[in-house]
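Raw contents of entry-v5.txt, compact mmCIF, C-alpha atoms and all ligand atoms:
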# COMPACT_ATOMS: atom_id res chain seq x y z
CA MET T 19 -0.63 2.25 -23.44
CA ARG T 20 1.84 5.05 -22.60
CA ILE T 21 2.74 5.28 -18.92
CA GLY T 22 4.37 8.17 -17.04
CA VAL T 23 5.90 7.57 -13.62
CA ILE T 24 6.32 10.32 -10.98
CA GLY T 25 9.16 9.37 -8.61
CA THR T 26 12.58 8.06 -9.47
CA LYS T 27 13.13 5.75 -6.48
CA TRP T 28 10.20 3.38 -5.74
CA GLY T 29 8.85 4.65 -9.05
CA LEU T 30 11.39 2.34 -10.72
CA MET T 31 9.52 -0.67 -9.34
CA HIS T 32 6.55 0.53 -11.42
CA VAL T 33 8.72 1.14 -14.50
CA GLY T 34 9.69 -2.54 -14.45
CA ALA T 35 6.18 -3.70 -13.55
CA PHE T 36 4.38 -1.80 -16.32
CA ARG T 37 6.92 -2.92 -18.89
CA ALA T 38 6.48 -6.54 -17.78
CA ALA T 39 2.71 -6.04 -18.07
CA GLY T 40 3.11 -4.96 -21.71
CA ALA T 41 2.90 -1.15 -21.44
CA GLU T 42 5.35 1.45 -22.68
CA VAL T 43 6.96 3.70 -20.06
CA VAL T 44 7.56 6.96 -21.92
CA ALA T 45 8.03 9.61 -19.20
CA LEU T 46 9.67 9.97 -15.80
CA CYS T 47 9.22 12.89 -13.41
CA GLY T 48 11.48 13.74 -10.46
CA GLN T 49 12.37 16.78 -8.39
CA GLN T 50 16.01 17.21 -9.40
CA VAL T 51 16.46 17.65 -13.11
CA GLY T 52 19.98 16.18 -13.39
CA HIS T 53 19.18 13.08 -11.40
CA THR T 54 15.88 12.55 -13.22
CA ARG T 55 17.61 12.77 -16.62
CA GLU T 56 20.30 10.37 -15.46
CA VAL T 57 17.78 7.79 -14.24
CA ALA T 58 15.57 8.16 -17.34
CA ALA T 59 18.58 7.68 -19.65
CA ARG T 60 19.72 4.61 -17.71
CA GLU T 61 16.20 3.13 -17.83
CA GLY T 62 15.63 3.97 -21.51
CA ILE T 63 12.72 6.36 -20.81
CA PRO T 64 12.50 9.04 -23.54
CA LEU T 65 11.09 11.98 -21.53
CA ALA T 66 12.70 13.19 -18.28
CA THR T 67 10.99 16.15 -16.62
CA THR T 68 10.42 17.91 -13.32
CA SER T 69 6.96 19.07 -14.44
CA VAL T 70 4.00 16.83 -13.66
CA ARG T 71 1.97 18.73 -16.27
CA GLU T 72 4.55 17.99 -18.97
CA LEU T 73 4.56 14.31 -17.97
CA CYS T 74 0.74 14.16 -18.12
CA ALA T 75 0.70 15.69 -21.61
CA ALA T 76 2.89 12.83 -22.90
CA VAL T 77 1.05 9.80 -21.49
CA ASP T 78 -2.25 7.91 -21.18
CA ALA T 79 -1.86 6.94 -17.52
CA VAL T 80 0.20 8.18 -14.58
CA VAL T 81 1.80 6.33 -11.65
CA VAL T 82 2.19 8.56 -8.58
CA ALA T 83 5.22 7.33 -6.61
CA SER T 84 6.28 10.69 -5.19
CA PRO T 85 6.53 11.42 -1.43
CA ASP T 86 3.29 10.89 0.50
CA ALA T 87 2.85 14.63 1.10
CA LEU T 88 2.60 15.21 -2.68
CA HIS T 89 0.17 12.40 -3.56
CA ARG T 90 -2.97 14.54 -3.39
CA GLU T 91 -1.49 17.31 -5.60
CA HIS T 92 -0.07 14.84 -8.13
CA VAL T 93 -3.23 12.71 -8.36
CA GLU T 94 -5.33 15.85 -8.86
CA LEU T 95 -3.02 17.21 -11.57
CA ALA T 96 -3.18 13.90 -13.44
CA LEU T 97 -6.97 13.60 -13.15
CA ASP T 98 -7.37 17.26 -14.21
CA ALA T 99 -5.33 16.38 -17.31
CA GLY T 100 -7.77 13.54 -18.03
CA ARG T 101 -5.30 10.75 -17.23
CA ALA T 102 -5.89 7.45 -15.45
CA VAL T 103 -3.95 7.22 -12.18
CA LEU T 104 -2.35 4.53 -10.05
CA CYS T 105 -1.26 6.10 -6.73
CA GLU T 106 1.21 4.55 -4.27
CA LYS T 107 0.14 3.86 -0.73
CA PRO T 108 -0.53 5.65 1.59
CA LEU T 109 -3.12 7.60 -0.40
CA THR T 110 -2.31 10.84 1.46
CA ARG T 111 -0.88 12.05 4.77
CA THR T 112 -4.17 13.10 6.37
CA ARG T 113 -7.81 12.09 6.53
CA GLU T 114 -8.80 15.51 5.13
CA GLU T 115 -6.61 15.12 2.03
CA ALA T 116 -7.96 11.61 1.52
CA ARG T 117 -11.55 12.86 1.75
CA ALA T 118 -10.78 15.57 -0.83
CA LEU T 119 -9.43 12.92 -3.22
CA VAL T 120 -12.51 10.74 -2.75
CA GLU T 121 -14.63 13.74 -3.81
CA ARG T 122 -12.35 14.50 -6.76
CA VAL T 123 -12.45 10.91 -8.01
CA ARG T 124 -16.28 10.92 -8.03
CA THR T 125 -16.21 13.33 -10.97
CA ALA T 126 -13.10 11.93 -12.68
CA THR T 127 -13.39 10.78 -16.27
CA ARG T 128 -10.65 8.15 -15.97
CA PRO T 129 -9.99 5.32 -13.47
CA CYS T 130 -7.98 5.97 -10.32
CA ALA T 131 -6.64 3.12 -8.14
CA VAL T 132 -4.19 2.69 -5.26
CA ASN T 133 -1.25 0.28 -5.05
CA PHE T 134 -1.55 -2.13 -2.09
CA PRO T 135 0.58 -5.14 -3.19
CA TYR T 136 -0.43 -7.50 -0.33
CA ARG T 137 -3.68 -7.95 -2.29
CA MET T 138 -1.75 -9.38 -5.23
CA LEU T 139 0.04 -12.14 -3.28
CA PRO T 140 -1.52 -15.47 -4.38
CA PRO T 141 -1.58 -17.12 -0.89
CA LEU T 142 -3.53 -14.14 0.47
CA GLN T 143 -5.99 -14.33 -2.42
CA VAL T 144 -6.68 -17.99 -1.54
CA LEU T 145 -7.11 -17.08 2.14
CA ARG T 146 -9.55 -14.29 1.27
CA ALA T 147 -11.72 -16.68 -0.76
CA TRP T 148 -11.71 -19.19 2.13
CA LEU T 149 -12.64 -16.46 4.63
CA SER T 150 -15.57 -15.28 2.51
CA GLU T 151 -17.63 -18.13 4.03
CA ARG T 152 -16.47 -17.54 7.61
CA THR T 153 -16.51 -14.76 10.19
CA ALA T 154 -13.44 -14.29 12.35
CA HIS T 155 -13.70 -13.23 15.98
CA HIS T 156 -10.18 -11.87 15.98
CA LEU T 157 -7.52 -11.06 13.45
CA VAL T 158 -4.19 -10.87 15.29
CA VAL T 159 -1.28 -9.34 13.38
CA THR T 160 2.21 -8.75 14.74
CA VAL T 161 4.69 -6.97 12.51
CA ARG T 162 8.34 -6.18 13.28
CA ASN T 163 9.49 -3.53 10.86
CA ASN T 164 12.99 -2.26 10.20
CA PHE T 165 11.77 0.38 7.73
CA VAL T 166 10.06 2.58 10.35
CA PRO T 167 11.86 5.88 11.08
CA THR T 168 12.82 5.95 14.74
CA ASP T 169 14.43 9.38 15.01
CA VAL T 170 12.58 11.85 17.23
CA LEU T 171 12.98 15.28 15.69
CA GLU T 172 11.88 17.51 18.56
CA PRO T 173 10.19 16.75 21.87
CA GLY T 174 6.42 16.57 21.53
CA ALA T 175 6.41 17.15 17.76
CA TYR T 176 3.87 15.13 15.83
CA VAL T 177 5.88 14.87 12.64
CA GLY T 178 4.13 13.20 9.73
CA ARG T 179 0.85 13.18 11.62
CA SER T 180 -1.47 10.56 10.15
CA ALA T 181 1.09 9.33 7.68
CA ASP T 182 1.39 5.59 7.71
CA PHE T 183 3.91 5.06 10.54
CA GLY T 184 6.37 3.41 8.14
CA GLY T 185 4.06 1.07 6.27
CA LEU T 186 1.10 0.41 8.56
CA SER T 187 -1.30 1.32 5.73
CA HIS T 188 -0.24 -1.90 3.93
CA VAL T 189 -1.25 -4.02 6.91
CA LEU T 190 -4.51 -2.18 7.61
CA ASP T 191 -5.60 -2.41 4.00
CA ALA T 192 -4.74 -6.12 3.84
CA ALA T 193 -6.71 -6.77 7.05
CA LEU T 194 -9.82 -4.99 5.72
CA TRP T 195 -9.47 -6.64 2.30
CA LEU T 196 -8.98 -10.16 3.70
CA THR T 197 -12.03 -9.90 5.92
CA GLY T 198 -14.18 -7.88 3.49
CA THR T 199 -15.04 -5.45 6.29
CA THR T 200 -15.06 -1.75 7.14
CA PRO T 201 -13.74 -0.31 10.41
CA THR T 202 -16.18 0.88 13.08
CA TRP T 203 -13.89 1.98 15.95
CA VAL T 204 -10.22 2.40 16.79
CA GLN T 205 -8.32 2.35 20.08
CA ALA T 206 -4.60 2.94 19.87
CA SER T 207 -1.41 3.38 21.79
CA LEU T 208 1.41 4.92 19.76
CA SER T 209 5.07 5.34 20.62
CA GLY T 210 7.59 7.79 19.19
CA ARG T 211 7.26 11.00 17.24
CA PRO T 212 7.25 10.28 14.34
CA VAL T 213 5.34 7.18 15.41
CA HIS T 214 7.54 4.10 15.27
CA THR T 215 5.53 1.57 17.23
CA ALA T 216 1.77 1.19 17.19
CA ALA T 217 -0.61 -1.03 19.14
CA LEU T 218 -4.10 -0.88 17.69
CA HIS T 219 -7.45 -2.47 18.30
CA VAL T 220 -9.78 -1.89 15.37
CA GLY T 221 -13.43 -2.94 15.47
CA LEU T 222 -14.66 -4.25 12.11
CA SER T 223 -18.17 -4.25 10.68
CA SER T 224 -18.41 -8.07 10.92
CA GLY T 225 -17.80 -7.90 14.69
CA THR T 226 -14.21 -9.06 14.18
CA VAL T 227 -11.60 -7.24 16.25
CA LEU T 228 -8.24 -6.58 14.61
CA VAL T 229 -5.45 -6.71 17.20
CA LEU T 230 -2.38 -5.19 15.61
CA THR T 231 1.11 -4.60 16.92
CA HIS T 232 3.48 -2.86 14.54
CA ALA T 233 6.89 -2.36 16.09
CA ALA T 234 10.09 -0.74 14.87
CA SER T 235 12.73 -3.43 15.02
CA PRO T 236 16.53 -3.46 14.73
CA GLU T 237 16.38 -6.68 12.72
CA PRO T 238 16.57 -5.84 9.00
CA GLY T 239 13.50 -6.45 6.91
CA LEU T 240 9.83 -6.87 7.69
CA HIS T 241 8.47 -9.82 9.64
CA GLY T 242 4.74 -10.35 10.05
CA GLY T 243 2.64 -13.02 11.72
CA TRP T 244 -1.07 -13.22 10.86
CA SER T 245 -3.68 -15.32 12.76
CA LEU T 246 -7.42 -15.36 12.16
CA LEU T 247 -9.49 -16.94 14.90
CA GLY T 248 -13.09 -18.10 14.47
CA GLU T 249 -15.42 -20.09 16.71
CA HIS T 250 -14.21 -23.56 15.68
CA TRP T 251 -11.32 -22.72 13.38
CA GLU T 252 -8.19 -20.69 12.93
CA ALA T 253 -5.98 -19.83 9.98
CA GLY T 254 -2.73 -18.00 9.49
CA PHE T 255 0.56 -17.39 7.79
CA SER T 256 3.76 -15.43 8.27
CA GLY T 257 5.27 -13.19 5.67
CA GLY T 258 7.51 -10.26 4.91
CA PHE T 259 10.70 -9.01 3.33
CA VAL T 260 13.70 -11.17 4.30
CA PRO T 261 16.99 -9.44 3.36
CA ALA T 262 18.99 -12.67 3.65
CA ARG T 263 16.72 -14.15 0.93
CA GLU T 264 16.75 -10.86 -1.05
CA GLY T 265 13.00 -10.75 -1.28
CA TRP T 266 9.56 -11.48 0.05
CA CYS T 267 8.79 -14.80 1.69
CA VAL T 268 5.28 -15.91 2.65
CA SER T 269 4.74 -19.18 4.50
CA PRO T 270 2.07 -21.64 3.36
CA VAL T 271 -1.36 -20.50 4.58
CA ARG T 272 -2.57 -23.10 7.11
CA CYS T 273 -5.96 -23.63 8.68
CA PHE T 274 -7.18 -25.61 11.68
CA GLU T 275 -10.68 -26.96 11.22
CA ALA T 276 -12.52 -30.13 12.30
CA GLY T 277 -9.70 -30.95 14.69
CA ALA T 278 -6.79 -30.91 12.23
CA TRP T 279 -4.36 -28.56 10.52
CA ARG T 280 -4.05 -28.49 6.73
CA ASP T 281 -2.51 -26.30 4.04
CA LEU T 282 -4.85 -23.89 2.28
CA ALA T 283 -2.27 -22.40 -0.08
CA PRO T 284 1.42 -22.88 -0.83
CA GLY T 285 3.86 -20.19 0.25
CA LEU T 286 6.03 -17.85 -1.79
CA GLU T 287 9.75 -17.17 -1.83
CA PRO T 288 12.35 -15.70 -4.19
CA ARG T 289 13.51 -18.30 -6.72
CA PRO T 290 16.45 -18.11 -9.15
CA GLY T 291 15.27 -17.09 -12.60
CA ALA T 292 11.83 -15.97 -11.39
CA ARG T 293 10.66 -12.46 -10.53
CA GLU T 294 10.90 -11.65 -6.80
CA PRO T 295 7.40 -12.05 -5.24
CA TRP T 296 6.89 -8.38 -4.25
CA ALA T 297 7.99 -7.27 -7.74
CA GLU T 298 5.60 -9.86 -9.21
CA ALA T 299 2.82 -8.37 -7.06
CA HIS T 300 3.53 -4.99 -8.69
CA VAL T 301 3.35 -6.58 -12.15
CA GLU T 302 -0.03 -8.04 -11.21
CA THR T 303 -1.22 -4.60 -10.07
CA ALA T 304 0.00 -3.15 -13.38
CA ARG T 305 -1.85 -5.85 -15.38
CA ARG T 306 -5.08 -5.27 -13.52
CA PHE T 307 -4.76 -1.50 -13.72
CA LEU T 308 -4.12 -1.64 -17.49
CA ALA T 309 -7.15 -3.90 -17.94
CA ARG T 310 -9.26 -1.41 -15.98
CA VAL T 311 -7.98 1.54 -18.02
CA GLU T 312 -8.50 -0.30 -21.31
CA GLY T 313 -11.99 -1.30 -20.17
CA THR T 314 -11.26 -4.99 -20.80
CA ALA T 315 -11.99 -6.15 -17.23
CA ALA T 316 -14.96 -6.05 -14.91
CA PRO T 317 -14.44 -4.07 -11.67
CA ASP T 318 -11.69 -5.93 -9.87
CA VAL T 319 -11.83 -6.33 -6.09
CA ALA T 320 -8.07 -6.85 -5.88
CA LEU T 321 -7.31 -3.33 -7.12
CA ALA T 322 -7.76 -0.89 -4.23
CA THR T 323 -10.10 2.03 -4.77
CA VAL T 324 -9.47 5.55 -3.56
CA GLU T 325 -12.41 5.10 -1.15
CA GLU T 326 -10.77 2.01 0.36
CA ALA T 327 -7.43 3.79 0.70
CA ALA T 328 -9.21 6.74 2.34
CA THR T 329 -10.74 4.31 4.86
CA VAL T 330 -7.22 3.23 5.80
CA GLN T 331 -6.34 6.90 6.26
CA ARG T 332 -9.33 7.33 8.59
CA ILE T 333 -8.01 4.52 10.79
CA LEU T 334 -4.58 6.14 10.95
CA SER T 335 -6.08 9.53 11.84
CA ALA T 336 -8.35 7.92 14.43
CA ALA T 337 -5.33 6.16 15.93
CA MET T 338 -3.65 9.54 16.48
CA GLU T 339 -6.86 10.92 17.97
CA SER T 340 -7.23 7.89 20.26
CA GLU T 341 -3.65 8.29 21.46
CA ASP T 342 -4.22 12.01 22.15
CA ASP T 343 -7.54 11.54 23.97
CA GLY T 344 -6.89 8.15 25.57
CA ARG T 345 -10.19 6.74 24.37
CA ARG T 346 -11.87 4.59 21.75
CA ILE T 347 -12.73 6.58 18.61
CA LEU T 348 -15.97 5.69 16.81
CA LEU T 349 -15.85 5.95 13.02
CA ASP T 350 -18.99 6.99 11.20
N1 LIG G 401 4.19 -0.30 -2.21
C1 LIG G 401 5.39 -0.41 -1.67
O1 LIG G 401 5.85 -1.51 -1.35
C2 LIG G 401 6.22 0.83 -1.46
C3 LIG G 401 7.57 0.72 -1.10
C4 LIG G 401 8.32 1.88 -0.96
C5 LIG G 401 7.73 3.12 -1.14
N2 LIG G 401 6.40 3.18 -1.45
C6 LIG G 401 5.76 4.49 -1.64
O2 LIG G 401 6.28 5.08 -2.82
C7 LIG G 401 6.33 6.50 -2.67
C8 LIG G 401 7.75 6.99 -3.00
O3 LIG G 401 8.64 6.48 -2.03
P1 LIG G 401 10.22 6.49 -2.24
O4 LIG G 401 10.74 5.39 -1.40
O5 LIG G 401 10.56 6.50 -3.68
O6 LIG G 401 10.77 7.82 -1.58
P2 LIG G 401 10.19 9.31 -1.45
O7 LIG G 401 11.23 10.09 -0.76
O8 LIG G 401 8.84 9.28 -0.83
O9 LIG G 401 10.06 9.80 -2.97
C9 LIG G 401 11.20 10.19 -3.64
C10 LIG G 401 10.95 10.46 -5.10
O10 LIG G 401 9.99 11.50 -5.31
C11 LIG G 401 10.55 12.48 -6.18
N3 LIG G 401 10.00 13.81 -5.89
C12 LIG G 401 10.14 14.55 -4.77
N4 LIG G 401 9.51 15.73 -4.91
C13 LIG G 401 8.98 15.74 -6.17
C14 LIG G 401 8.22 16.68 -6.91
N5 LIG G 401 7.89 17.88 -6.38
N6 LIG G 401 7.84 16.35 -8.16
C15 LIG G 401 8.18 15.16 -8.70
N7 LIG G 401 8.87 14.21 -8.04
C16 LIG G 401 9.27 14.51 -6.80
C17 LIG G 401 12.04 12.41 -5.89
O11 LIG G 401 12.73 12.94 -7.01
P3 LIG G 401 14.32 13.28 -6.95
O12 LIG G 401 15.01 11.95 -6.83
O13 LIG G 401 14.61 13.97 -8.23
O14 LIG G 401 14.51 14.15 -5.72
C18 LIG G 401 12.23 10.92 -5.72
O15 LIG G 401 12.34 10.28 -6.96
C19 LIG G 401 5.89 6.80 -1.24
O16 LIG G 401 4.55 7.19 -1.23
C20 LIG G 401 6.06 5.48 -0.51
O17 LIG G 401 5.15 5.31 0.56
C21 LIG G 401 5.65 2.06 -1.63

Take the structure from the file and write it as structure tokens.
Amino acid sequence: MRIGVIGTKWGLMHVGAFRAAGAEVVALCGQQVGHTREVAAREGIPLATTSVRELCAAVDAVVVASPDALHREHVELALDAGRAVLCEKPLTRTREEARALVERVRTATRPCAVNFPYRMLPPLQVLRAWLSERTAHHLVVTVRNNFVPTDVLEPGAYVGRSADFGGLSHVLDAALWLTGTTPTWVQASLSGRPVHTAALHVGLSSGTVLVLTHAASPEPGLHGGWSLLGEHWEAGFSGGFVPAREGWCVSPVRCFEAGAWRDLAPGLEPRPGAREPWAEAHVETARRFLARVEGTAAPDVALATVEEAATVQRILSAAMESEDDGRRILLD
């Protein structure tokens, strides 16, 4: 399988992942020709181009890892060329663009999926299976995030409206995926323009309420705490990118049931000689995507669909609307 990657920064994570999954990476597309050639030469990728059309002509499947604002255009170009597509999160910058992609994918001849690596972390897969027999009352997530842009460009400007506030789409998708639910309403309070800190309540179809705080933090890395609370049980874990460990760490997933705590799944951490856990999650996405494209696997719930990614975009748009109007927004 010949893969083309659009994007020379995070795109390199996919170059490594698809190679590890057994594919050939034959084309790289960037914006600046000199830099793209330099990166392609260093990575041993034969074709370096600034034309998405040229990249599509040389490959069987395309990874879109360009800036969020270009995802819709790049996914459409690849699908128009008859190529399978794996698009980086967030799917788009707005609900409208996401809706347009959902429509486009309905008539596509090749598979199109979205990269949400939380779904590929083994402890979360175990937790999801355990939750499939339970309904949570609340899912409480607190994330401190050093990757969120905190600069305010001009007073009152809504820059990057409905983009993913520095990675919130990851968390929203993981929450929906873990609980197997769809959102029904959103109430939000957002700080900063662009948004750097978000407090969200999201009603889910199961009756669960997601209580999410996502705050820009001066501490390097990404630090998340997840708790699921049911009538007679709770479960949880902590996880994120820890710079001092040079990678992702996820605690063991623990549950409290019948009066006692126990481990549901072992944790994850970077280990010498092994692939870093977030990079391994990308390899797992690549494996599953290749199996989908080759038609060797049944539909795979771990690989996010464009519809699911568009649902995340609806929550983000509704959060902006809720902040503007000061009310709960119902999602149809
Ligand atoms: N899943 C994850 O954990 C994760 C982590 C980080 C980022 N991401 C996602 O990955 C995507 C890329 O992020 P990033 O961090 O690499 O930074 P970015 O600034 O969003 O993307 C930069 C890359 O896009 C290329 N580019 C810009 N305009 C282009 C165009 N018109 N045609 C082709 N390529 C173009 C740039 O090329 P030049 O270098 O030549 O200018 C550069 O390689 C984003 O959607 C981001 O949300 C996901």

Would you give me, as JSON lines, each residue of chain T having an atom within 8 Å of an atom of ligand LIG 401 (chain G), along with its shortest atom pair and that distance in Å to one decimal, using all atoms listed in the file and sorting by chain and residue number?
{"residue": "T:Ile24", "atom": "CA", "partner": "G:LIG401", "partner_atom": "N7", "distance": 5.5}
{"residue": "T:Gly25", "atom": "CA", "partner": "G:LIG401", "partner_atom": "O15", "distance": 3.7}
{"residue": "T:Thr26", "atom": "CA", "partner": "G:LIG401", "partner_atom": "O15", "distance": 3.4}
{"residue": "T:Lys27", "atom": "CA", "partner": "G:LIG401", "partner_atom": "O5", "distance": 3.9}
{"residue": "T:Trp28", "atom": "CA", "partner": "G:LIG401", "partner_atom": "O5", "distance": 3.8}
{"residue": "T:Gly29", "atom": "CA", "partner": "G:LIG401", "partner_atom": "O5", "distance": 5.9}
{"residue": "T:Cys47", "atom": "CA", "partner": "G:LIG401", "partner_atom": "C15", "distance": 5.3}
{"residue": "T:Gly48", "atom": "CA", "partner": "G:LIG401", "partner_atom": "N7", "distance": 3.6}
{"residue": "T:Gln49", "atom": "CA", "partner": "G:LIG401", "partner_atom": "O13", "distance": 3.6}
{"residue": "T:Gln50", "atom": "CA", "partner": "G:LIG401", "partner_atom": "O13", "distance": 3.7}
{"residue": "T:Val51", "atom": "CA", "partner": "G:LIG401", "partner_atom": "O13", "distance": 6.4}
{"residue": "T:Gly52", "atom": "CA", "partner": "G:LIG401", "partner_atom": "O13", "distance": 7.8}
{"residue": "T:His53", "atom": "CA", "partner": "G:LIG401", "partner_atom": "O13", "distance": 5.6}
{"residue": "T:Thr54", "atom": "CA", "partner": "G:LIG401", "partner_atom": "O13", "distance": 5.3}
{"residue": "T:Thr68", "atom": "CA", "partner": "G:LIG401", "partner_atom": "C15", "distance": 5.8}
{"residue": "T:Ser69", "atom": "CA", "partner": "G:LIG401", "partner_atom": "N6", "distance": 6.9}
{"residue": "T:Val70", "atom": "CA", "partner": "G:LIG401", "partner_atom": "C15", "distance": 6.7}
{"residue": "T:Val82", "atom": "CA", "partner": "G:LIG401", "partner_atom": "C7", "distance": 7.5}
{"residue": "T:Ala83", "atom": "CA", "partner": "G:LIG401", "partner_atom": "C7", "distance": 4.2}
{"residue": "T:Ser84", "atom": "CA", "partner": "G:LIG401", "partner_atom": "O10", "distance": 3.8}
{"residue": "T:Pro85", "atom": "CA", "partner": "G:LIG401", "partner_atom": "O8", "distance": 3.2}
{"residue": "T:Asp86", "atom": "CA", "partner": "G:LIG401", "partner_atom": "O16", "distance": 4.3}
{"residue": "T:Ala87", "atom": "CA", "partner": "G:LIG401", "partner_atom": "O16", "distance": 8.0}
{"residue": "T:Leu88", "atom": "CA", "partner": "G:LIG401", "partner_atom": "N5", "distance": 7.0}
{"residue": "T:His89", "atom": "CA", "partner": "G:LIG401", "partner_atom": "O16", "distance": 7.2}
{"residue": "T:Glu106", "atom": "CA", "partner": "G:LIG401", "partner_atom": "O16", "distance": 5.2}
{"residue": "T:Lys107", "atom": "CA", "partner": "G:LIG401", "partner_atom": "O17", "distance": 5.4}
{"residue": "T:Pro108", "atom": "CA", "partner": "G:LIG401", "partner_atom": "O17", "distance": 5.8}
{"residue": "T:Leu109", "atom": "CA", "partner": "G:LIG401", "partner_atom": "O16", "distance": 7.7}
{"residue": "T:Asn133", "atom": "CA", "partner": "G:LIG401", "partner_atom": "N1", "distance": 6.2}
{"residue": "T:Phe134", "atom": "CA", "partner": "G:LIG401", "partner_atom": "N1", "distance": 6.0}
{"residue": "T:Pro135", "atom": "CA", "partner": "G:LIG401", "partner_atom": "N1", "distance": 6.1}
{"residue": "T:Gly184", "atom": "CA", "partner": "G:LIG401", "partner_atom": "O17", "distance": 7.9}
{"residue": "T:Gly185", "atom": "CA", "partner": "G:LIG401", "partner_atom": "O17", "distance": 7.2}
{"residue": "T:His188", "atom": "CA", "partner": "G:LIG401", "partner_atom": "N1", "distance": 7.7}
{"residue": "T:Trp296", "atom": "CA", "partner": "G:LIG401", "partner_atom": "O1", "distance": 7.5}

* Asked: What is the distance, in Å and to one decimal place, between CA of Ser224 in chain T and CA of Ala278 in chain T?
  ->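 Rounded to one decimal, the two atoms are 25.7 Å apart.
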
At a cut-off of 12 Å around the point (-15.9, -22.6, 19.1) (file coordinates), what residues fall inside when counting only C-alpha atoms? I'd like the answer as a short mmCIF file (atom, residue, chain, number, x, y, z; two decimals) with C-alpha atoms, in the frame of the given file.
data_model
loop_
_atom_site.label_atom_id
_atom_site.label_comp_id
_atom_site.auth_asym_id
_atom_site.auth_seq_id
_atom_site.Cartn_x
_atom_site.Cartn_y
_atom_site.Cartn_z
CA THR T 153 -16.51 -14.76 10.19
CA ALA T 154 -13.44 -14.29 12.35
CA HIS T 155 -13.70 -13.23 15.98
CA LEU T 247 -9.49 -16.94 14.90
CA GLY T 248 -13.09 -18.10 14.47
CA GLU T 249 -15.42 -20.09 16.71
CA HIS T 250 -14.21 -23.56 15.68
CA TRP T 251 -11.32 -22.72 13.38
CA GLU T 252 -8.19 -20.69 12.93
CA PHE T 274 -7.18 -25.61 11.68
CA GLU T 275 -10.68 -26.96 11.22
CA ALA T 276 -12.52 -30.13 12.30
CA GLY T 277 -9.70 -30.95 14.69
#

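Counting from CA of Met338 in chain T, the distance to CA of Thr215 in chain T is 12.2 Å.
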
* Show which residues sit within 12 Å of Asp350 in chain T, as a VMD selection string. Count all atoms listed in the file, and ignore same-chain residues fewer than 6 positions away. => chain T and resid 200 to 204 223 329 332 to 333 336

Output file for the selection above: C-alpha atoms, as a short mmCIF file (atom, residue, chain, number, x, y, z; two decimals), keeping the file's coordinate frame:
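Written file, part-v8.cif:
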data_model
loop_
_atom_site.label_atom_id
_atom_site.label_comp_id
_atom_site.auth_asym_id
_atom_site.auth_seq_id
_atom_site.Cartn_x
_atom_site.Cartn_y
_atom_site.Cartn_z
CA THR T 200 -15.06 -1.75 7.14
CA PRO T 201 -13.74 -0.31 10.41
CA THR T 202 -16.18 0.88 13.08
CA TRP T 203 -13.89 1.98 15.95
CA VAL T 204 -10.22 2.40 16.79
CA SER T 223 -18.17 -4.25 10.68
CA THR T 329 -10.74 4.31 4.86
CA ARG T 332 -9.33 7.33 8.59
CA ILE T 333 -8.01 4.52 10.79
CA ALA T 336 -8.35 7.92 14.43
#

* Asked: In Å, how far is it from CA of Ala192 in chain T to CA of Ala253 in chain T?
  -> 15.1 Å

* Could you tell me which of T:Cys74, T:Val166, T:Ala299, T:Val220 comes closest to Pro238 in chain T if we count all atoms listed in the file? => T:Val166

* Find the residues with any atom within 12 Å of (-8.7, -17.4, 1.8); use only C-alpha atoms and the coordinates as given in the file, and write the answer as a count of residues only. => 34

* Between T:Val81, T:Val311, T:Leu230, T:Ala193, which has the minimum distance to Thr127 in chain T (counting only C-alpha atoms)? ->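 Using only C-alpha atoms, Thr127 in chain T sits closest to T:Val311.
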
* Which one of T:Ala309, T:Ile21, T:Val189, T:Val77 sits closest to Ala35 in chain T if you count all atoms listed in the file? ->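 Smallest separation from Ala35 in chain T among the options: T:Ile21.
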
* Which residue gives the smallest distance to Phe259 in chain T among T:Val227, T:Leu286, T:Val123, T:Cys105, with all atoms listed in the file counted? -> T:Leu286

* **Option closest in space to Glu121 in chain T, from T:Val229, T:Glu94, T:Glu294, T:Met138 [counting all atoms listed in the file]** => T:Glu94

* Among listed residues T:Glu341, T:Glu115, T:Ala58, T:Trp266, nearest Gly285 in chain T (using only C-alpha atoms) ->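 Among T:Glu341, T:Glu115, T:Ala58, T:Trp266, it is T:Trp266 that comes nearest to Gly285 in chain T.
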